[in-house]
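Contents: one structure, followed by commentary.
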Amino acid sequence: MINFFKVAVFSLLMVMAFWAFANFGIPQIKPAPPPVEEKLDLGAMTMDQFIALGGKIFNGKGTCTLCHNKMGRAPMLDQIGKNAPERLKDPRYKGTAKTIEEYIHESMEHPSAYVVAGFGKSGTNDTESPMPVVTGGSIGLKEAEVQAVIAYLQDSGGAEVTVTIPEMPAAGAEAEAPAAEAAAPLKTAEEVIAKYGCGMCHTVAGQAGELGPNLTKIGATKSKDYIRQSILDPDAVIAKGFTGGMMPQTFGEEMKAKELEMLVNYLAGSK
Ligand code: HEC
Ligand code: HEC
């Protein structure tokens, strides 16, 4: 009996916690725009600030550290200054880059131009990269952001920084459109999946990520509660055959309650 009450009280607390979380915990009231969308006053920037901006994009909006981290799913980039010239000399190299700067740029725009040995999509014998094109799709880095990331990678990867801070069009012109876009609430689960990059790691909604479990039939075996927990607290249960600590832990803070519910309903309905 005592056990029963313990379980009942615990369940009630969990339900209340989720309710409170959904209603208050998720930043719905004041959706702060993502830092990178803040007006970039590139004209007034020093190279150090430009490199720091690149670091922010690399760790944030660019989603690079989802894969380029110590888990070994993607090569570390802290030796890129030394590695890039080796890549360019490799007979398997298929791209057009001549310099370290061009190699890094190409890696972001055409990831399959060179696939680091052992990191290709499974079954492709290292001819196809699992890395998404980061200048388009759901990540969509703009050219100035790409330049900043290159500056950051050259600086942190032991290479000379060769990019120049790009000239920006007259201030004001570029600031308005993205702001309006960011404010519009997402309307479908597919948009939520695209925004948070689930498809980079999961096969879901027409995308074919391979780092996490396939989600196209997850509703057939898993409950809504399980799916919700998997998103809010990914390491609570580690899916069989996969590694914990890979899926970002921050979706609970980033997502609005409505987005989370759309997503959970969509996945639970995928059978
Ligand atoms: C979904 C996982 C994933 C994401 C996200 C990702 N990468 Fe990669 N990246 C890889 C993998 C795997 C490789 C190795 C295969 C290859 O060479 O294409 C790689 C290769 C690279 C290389 C070449 C490394 C070398 O040693 O030659 C660079 C440079 C690079 N990525 C930069 C980036 C940047 C910058 C971002 C973010 C804007 C990013 N990547 C986001 C998975 C990812
Ligand atoms: C950087 C890669 C990565 C990203 C991005 C990612 N996931 Fe995952 N996800 C994983 C890995 C790896 C696992 C398996 C390990 C685990 O259970 O924590 C997983 C597990 C899951 C599971 C549990 C699956 C099962 O069969 O138990 C769900 C549900 C899930 N993710 C949903 C999502 C959703 C929704 C998003 C986007 C909001 C997302 N993931 C983004 C890597 C990722």
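Chain labels run A, B, ... following the order of the structure tokens; each chain numbers its residues from 1, and ligands are numbered from 1 in the order shown.
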
Which residues are near ligand 2 in this structure, taking near to mean any atom at most 7 Å from a ligand atom and counting only C-alpha atoms and all ligand atoms? Format them as number ranges by chain.
A: 66-67, 193, 196-198, 200-202, 211-213, 215, 218, 227, 230-231, 234-235, 237-239, 242-248, 251, 263

Would you list the residues that come within 6 Å of ligand 1? Count only C-alpha atoms and all ligand atoms and give the answer as an MDAnalysis selection string.
chainID A and resid 58 62:64 66:67 73:75 77 80 83:84 104 107:108 111:112 114:116 119:120 129:132 134 200

Kindly save the residues from that selection, with C-alpha atoms included, as a tab-separated table (two decimals), in the first residue's frame.
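The file below, selection.tsv, is the result:
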chain	number	residue	atom	x	y	z
A	58	PHE	CA	30.15	26.86	-34.95
A	62	GLY	CA	25.78	26.03	-37.39
A	63	THR	CA	25.09	22.88	-35.29
A	64	CYS	CA	28.66	21.77	-36.11
A	66	LEU	CA	26.49	18.11	-32.75
A	67	CYS	CA	28.87	15.94	-34.76
A	73	ARG	CA	31.21	10.72	-35.09
A	74	ALA	CA	33.04	13.31	-37.14
A	75	PRO	CA	36.70	14.28	-37.31
A	77	LEU	CA	38.76	20.15	-36.60
A	80	ILE	CA	42.56	21.33	-39.82
A	83	ASN	CA	45.11	18.10	-42.23
A	84	ALA	CA	43.66	20.17	-45.07
A	104	ILE	CA	37.02	24.40	-45.39
A	107	SER	CA	33.63	21.02	-46.90
A	108	MET	CA	30.61	23.05	-45.84
A	111	PRO	CA	30.76	17.73	-48.05
A	112	SER	CA	31.25	14.79	-50.43
A	114	TYR	CA	36.31	14.73	-49.95
A	115	VAL	CA	35.23	12.20	-47.36
A	116	VAL	CA	37.65	11.65	-44.50
A	119	PHE	CA	33.62	8.72	-41.84
A	120	GLY	CA	31.55	8.13	-45.00
A	129	SER	CA	29.61	12.25	-46.57
A	130	PRO	CA	26.93	12.10	-43.87
A	131	MET	CA	27.53	15.78	-43.22
A	132	PRO	CA	24.64	18.03	-44.31
A	134	VAL	CA	25.32	23.73	-44.12
A	200	MET	CA	20.60	15.30	-39.55

Best match for closeness to Gly241 in chain A among A:Lys258, A:Val161, A:Asn214, A:His110, counting only C-alpha atoms
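For Gly241 in chain A, the nearest of the candidates is A:Asn214.
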
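When only C-alpha atoms are used to measure the gap to Lys271 in chain A, the shortest distance among A:Ile165, A:Ala257, A:Ala220, A:Ala52 belongs to A:Ala220.
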
Run DSSP on the backbone of this structure and report the residues of range 29-247 of chain A it assigns to helix (DSSP H, G or I), as a PyMOL selection string.
chain A and resi 35-37+42-44+47-59+64-66+80-89+100-109+111-113+143-156+176-183+189-196+198-200+218-221+224-232
